[in-house]
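What follows is the content of query-v1.cif (mmCIF, N, CA and C atoms).
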data_work
#
loop_
_atom_site.label_atom_id
_atom_site.label_comp_id
_atom_site.auth_asym_id
_atom_site.auth_seq_id
_atom_site.Cartn_x
_atom_site.Cartn_y
_atom_site.Cartn_z
N MET N 214 21.39 -41.03 10.60
CA MET N 214 22.26 -39.90 10.39
C MET N 214 21.90 -39.13 9.13
N ASN N 215 21.56 -39.81 8.06
CA ASN N 215 21.24 -39.15 6.80
C ASN N 215 19.98 -38.31 6.93
N TYR N 216 19.08 -38.71 7.83
CA TYR N 216 17.86 -37.95 8.01
C TYR N 216 18.16 -36.56 8.56
N ARG N 217 19.18 -36.46 9.38
CA ARG N 217 19.55 -35.18 9.97
C ARG N 217 19.97 -34.19 8.88
N TYR N 218 20.75 -34.67 7.91
CA TYR N 218 21.18 -33.79 6.81
C TYR N 218 20.02 -33.39 5.92
N ALA N 219 19.14 -34.33 5.67
CA ALA N 219 17.97 -34.03 4.83
C ALA N 219 17.06 -33.02 5.53
N LYS N 220 16.89 -33.19 6.83
CA LYS N 220 16.05 -32.27 7.60
C LYS N 220 16.66 -30.86 7.60
N ALA N 221 17.97 -30.78 7.73
CA ALA N 221 18.65 -29.48 7.72
C ALA N 221 18.51 -28.82 6.35
N ALA N 222 18.64 -29.60 5.28
CA ALA N 222 18.49 -29.05 3.93
C ALA N 222 17.08 -28.53 3.71
N LEU N 223 16.08 -29.27 4.18
CA LEU N 223 14.69 -28.83 4.02
C LEU N 223 14.43 -27.56 4.83
N THR N 224 15.00 -27.46 5.99
CA THR N 224 14.83 -26.27 6.82
C THR N 224 15.43 -25.05 6.13
N LEU N 225 16.61 -25.20 5.56
CA LEU N 225 17.23 -24.10 4.82
C LEU N 225 16.39 -23.71 3.61
N TRP N 226 15.85 -24.69 2.90
CA TRP N 226 15.03 -24.41 1.73
C TRP N 226 13.76 -23.65 2.12
N LYS N 227 13.13 -24.04 3.22
CA LYS N 227 11.93 -23.35 3.70
C LYS N 227 12.25 -21.90 4.04
N GLY N 228 13.39 -21.66 4.66
CA GLY N 228 13.81 -20.31 4.99
C GLY N 228 14.02 -19.47 3.74
N TYR N 229 14.60 -20.07 2.71
CA TYR N 229 14.81 -19.36 1.45
C TYR N 229 13.48 -18.97 0.81
N ILE N 230 12.53 -19.89 0.79
CA ILE N 230 11.21 -19.63 0.20
C ILE N 230 10.49 -18.54 0.99
N MET N 231 10.57 -18.58 2.32
CA MET N 231 9.92 -17.57 3.14
C MET N 231 10.53 -16.19 2.89
N ALA N 232 11.83 -16.12 2.71
CA ALA N 232 12.48 -14.84 2.44
C ALA N 232 12.02 -14.27 1.09
N LYS N 233 11.88 -15.13 0.09
CA LYS N 233 11.40 -14.66 -1.22
C LYS N 233 9.97 -14.16 -1.12
N ASN N 234 9.12 -14.87 -0.37
CA ASN N 234 7.73 -14.43 -0.21
C ASN N 234 7.65 -13.11 0.53
N THR N 235 8.48 -12.92 1.53
CA THR N 235 8.50 -11.67 2.28
C THR N 235 8.90 -10.51 1.37
N LEU N 236 9.85 -10.73 0.50
CA LEU N 236 10.27 -9.70 -0.43
C LEU N 236 9.13 -9.33 -1.37
N ASN N 237 8.38 -10.32 -1.86
CA ASN N 237 7.26 -10.03 -2.75
C ASN N 237 6.17 -9.24 -2.02
N ILE N 238 5.93 -9.56 -0.76
CA ILE N 238 4.94 -8.82 0.02
C ILE N 238 5.39 -7.38 0.20
N ALA N 239 6.66 -7.19 0.50
CA ALA N 239 7.19 -5.84 0.69
C ALA N 239 7.08 -5.03 -0.60
N LYS N 240 7.34 -5.66 -1.73
CA LYS N 240 7.21 -4.96 -3.01
C LYS N 240 5.76 -4.54 -3.26
N GLY N 241 4.81 -5.43 -2.93
CA GLY N 241 3.40 -5.11 -3.12
C GLY N 241 2.95 -3.96 -2.22
N VAL N 242 3.39 -3.99 -0.99
CA VAL N 242 3.05 -2.91 -0.06
C VAL N 242 3.65 -1.59 -0.55
N GLY N 243 4.88 -1.64 -1.01
CA GLY N 243 5.53 -0.44 -1.51
C GLY N 243 4.82 0.13 -2.74
N ALA N 244 4.40 -0.75 -3.64
CA ALA N 244 3.69 -0.29 -4.84
C ALA N 244 2.36 0.35 -4.47
N GLY N 245 1.66 -0.23 -3.51
CA GLY N 245 0.40 0.36 -3.05
C GLY N 245 0.62 1.70 -2.39
N LEU N 246 1.69 1.81 -1.63
CA LEU N 246 2.03 3.07 -0.97
C LEU N 246 2.32 4.16 -2.00
N VAL N 247 3.11 3.83 -3.00
CA VAL N 247 3.43 4.80 -4.04
C VAL N 247 2.18 5.22 -4.80
N ALA N 248 1.32 4.26 -5.13
CA ALA N 248 0.09 4.58 -5.86
C ALA N 248 -0.80 5.51 -5.03
N GLY N 249 -0.93 5.25 -3.75
CA GLY N 249 -1.75 6.10 -2.89
C GLY N 249 -1.20 7.50 -2.76
N VAL N 250 0.10 7.61 -2.57
CA VAL N 250 0.73 8.93 -2.45
C VAL N 250 0.58 9.71 -3.75
N MET N 251 0.82 9.03 -4.86
CA MET N 251 0.69 9.70 -6.16
C MET N 251 -0.74 10.19 -6.38
N PHE N 252 -1.71 9.36 -6.10
CA PHE N 252 -3.11 9.74 -6.29
C PHE N 252 -3.47 10.93 -5.41
N GLY N 253 -3.05 10.90 -4.17
CA GLY N 253 -3.36 11.99 -3.24
C GLY N 253 -2.76 13.31 -3.68
N PHE N 254 -1.50 13.30 -4.07
CA PHE N 254 -0.87 14.55 -4.45
C PHE N 254 -1.31 15.05 -5.82
N VAL N 255 -1.58 14.13 -6.72
CA VAL N 255 -2.07 14.57 -8.03
C VAL N 255 -3.43 15.22 -7.88
N SER N 256 -4.30 14.63 -7.09
CA SER N 256 -5.63 15.24 -6.89
C SER N 256 -5.50 16.57 -6.13
N SER N 257 -4.59 16.65 -5.21
CA SER N 257 -4.37 17.90 -4.48
C SER N 257 -3.87 19.00 -5.41
N VAL N 258 -2.94 18.64 -6.28
CA VAL N 258 -2.39 19.62 -7.21
C VAL N 258 -3.45 20.05 -8.22
N MET N 259 -4.31 19.13 -8.61
CA MET N 259 -5.35 19.48 -9.57
C MET N 259 -6.36 20.46 -8.95
N MET N 260 -6.62 20.30 -7.65
CA MET N 260 -7.55 21.20 -7.00
C MET N 260 -6.94 22.59 -6.81
N LYS N 261 -5.67 22.61 -6.43
CA LYS N 261 -4.98 23.88 -6.21
C LYS N 261 -3.76 23.88 -7.11
N ASP N 262 -3.86 24.51 -8.22
CA ASP N 262 -2.77 24.51 -9.18
C ASP N 262 -1.76 25.59 -8.81
N SER N 263 -0.90 25.28 -7.87
CA SER N 263 0.12 26.24 -7.45
C SER N 263 1.50 25.60 -7.48
N ARG N 264 2.51 26.41 -7.55
CA ARG N 264 3.89 25.92 -7.59
C ARG N 264 4.28 25.24 -6.29
N LYS N 265 3.78 25.78 -5.18
CA LYS N 265 4.15 25.23 -3.88
C LYS N 265 3.70 23.77 -3.76
N ASN N 266 2.49 23.48 -4.20
CA ASN N 266 1.99 22.11 -4.13
C ASN N 266 2.76 21.18 -5.05
N LYS N 267 3.15 21.68 -6.21
CA LYS N 267 3.92 20.85 -7.12
C LYS N 267 5.27 20.50 -6.52
N ARG N 268 5.90 21.44 -5.85
CA ARG N 268 7.18 21.16 -5.19
C ARG N 268 7.01 20.16 -4.06
N LYS N 269 5.94 20.32 -3.28
CA LYS N 269 5.69 19.37 -2.19
C LYS N 269 5.45 17.97 -2.74
N ALA N 270 4.71 17.88 -3.83
CA ALA N 270 4.44 16.58 -4.44
C ALA N 270 5.73 15.94 -4.94
N ALA N 271 6.59 16.71 -5.55
CA ALA N 271 7.87 16.19 -6.04
C ALA N 271 8.74 15.71 -4.88
N LYS N 272 8.75 16.46 -3.78
CA LYS N 272 9.52 16.05 -2.61
C LYS N 272 8.96 14.76 -2.01
N ALA N 273 7.65 14.67 -1.93
CA ALA N 273 7.02 13.47 -1.37
C ALA N 273 7.31 12.25 -2.23
N ILE N 274 7.26 12.42 -3.53
CA ILE N 274 7.55 11.30 -4.43
C ILE N 274 8.99 10.84 -4.27
N SER N 275 9.92 11.77 -4.19
CA SER N 275 11.32 11.39 -4.03
C SER N 275 11.56 10.72 -2.67
N THR N 276 10.83 11.17 -1.64
CA THR N 276 10.96 10.54 -0.33
C THR N 276 10.46 9.11 -0.36
N VAL N 277 9.33 8.88 -0.99
CA VAL N 277 8.78 7.53 -1.09
C VAL N 277 9.72 6.64 -1.90
N GLU N 278 10.29 7.16 -2.96
CA GLU N 278 11.25 6.39 -3.74
C GLU N 278 12.46 6.00 -2.88
N GLY N 279 12.91 6.93 -2.04
CA GLY N 279 14.02 6.62 -1.14
C GLY N 279 13.68 5.53 -0.16
N ILE N 280 12.45 5.57 0.37
CA ILE N 280 12.01 4.53 1.30
C ILE N 280 11.97 3.18 0.61
N LEU N 281 11.45 3.14 -0.60
CA LEU N 281 11.38 1.87 -1.34
C LEU N 281 12.77 1.34 -1.67
N ASP N 282 13.69 2.21 -2.03
CA ASP N 282 15.06 1.78 -2.29
C ASP N 282 15.68 1.20 -1.03
N GLY N 283 15.41 1.84 0.09
CA GLY N 283 15.93 1.32 1.36
C GLY N 283 15.35 -0.04 1.70
N MET N 284 14.05 -0.23 1.44
CA MET N 284 13.43 -1.54 1.69
C MET N 284 14.04 -2.62 0.80
N GLN N 285 14.33 -2.28 -0.46
CA GLN N 285 14.94 -3.26 -1.35
C GLN N 285 16.32 -3.64 -0.86
N GLU N 286 17.09 -2.69 -0.35
CA GLU N 286 18.43 -2.98 0.15
C GLU N 286 18.36 -3.87 1.38
N ILE N 287 17.35 -3.67 2.23
CA ILE N 287 17.22 -4.48 3.44
C ILE N 287 16.98 -5.94 3.08
N PHE N 288 16.13 -6.19 2.09
CA PHE N 288 15.74 -7.56 1.77
C PHE N 288 16.66 -8.25 0.79
N LYS N 289 17.73 -7.60 0.35
CA LYS N 289 18.69 -8.26 -0.57
C LYS N 289 19.62 -9.14 0.18
#
Is it possible to give me this structure as structure tokens?
Amino acid sequence: MNYRYAKAALTLWKGYIMAKNTLNIAKGVGAGLVAGVMFGFVSSVMMKDSRKNKRKAAKAISTVEGILDGMQEIFK
């Protein structure tokens, strides 16, 4: 009988560890996404120094931030 409780506790612990690892993976993917978007828009703005591109870059950055905030809320 005691083995059943120990097995259940280990299963719960494994689930907790997997959830933490998934959150770390999601954070890494999000950071890579933000870095790529930032690099793309900064290089685009440098090539064409116009107000329209700067506004688009600002909108894209805020959108990516919103996506990352949503991902953090999902994994909490």
| request: Run the PyMOL selection byres (((chain N and resi 229-236 and name CA) around 12) and name CA) mentally over the shown coordinates, then write out the matched residues as a ChimeraX atom specification, using the chain letters and numbers from the document. | output: /N:222-228,237-243,281,284-289
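Ranking N:Lys220, N:Gly249, N:Phe254, N:Gly279 by their shortest atom-to-atom distance to Lys267 in chain N, with only C-alpha atoms included, puts N:Phe254 first.
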| message | For a test of reading the model, state the distance in Å between atom C of Val250 in chain N and atom C of Arg268 in chain N, rounded to one decimal. | response |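 Those two atoms sit 12.3 Å apart.
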Listed atoms of range 268-274 of chain N boxed along x, y and z, 3 Å each side, centre and edge lengths in Å, one decimal, as AutoDock Vina command-line options:
--center_x 7.0 --center_y 16.1 --center_z -3.7 --size_x 11.1 --size_y 16.6 --size_z 10.7
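What separates CA of Thr276 in chain N from CA of Val247 in chain N is a distance of 10.2 Å.
You can rank N:Phe252, N:Leu246, N:Ser257, N:Ser263 by their closest distance to Glu278 in chain N using only C-alpha atoms, and at the top of that list sits N:Leu246.
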| task | Go ahead and compute the interatomic distance for atom C of Asn266 in chain N and atom N of Met251 in chain N, in Å to one decimal. | result |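 Straight-line distance from atom C of Asn266 in chain N to atom N of Met251 in chain N works out to 12.3 Å.
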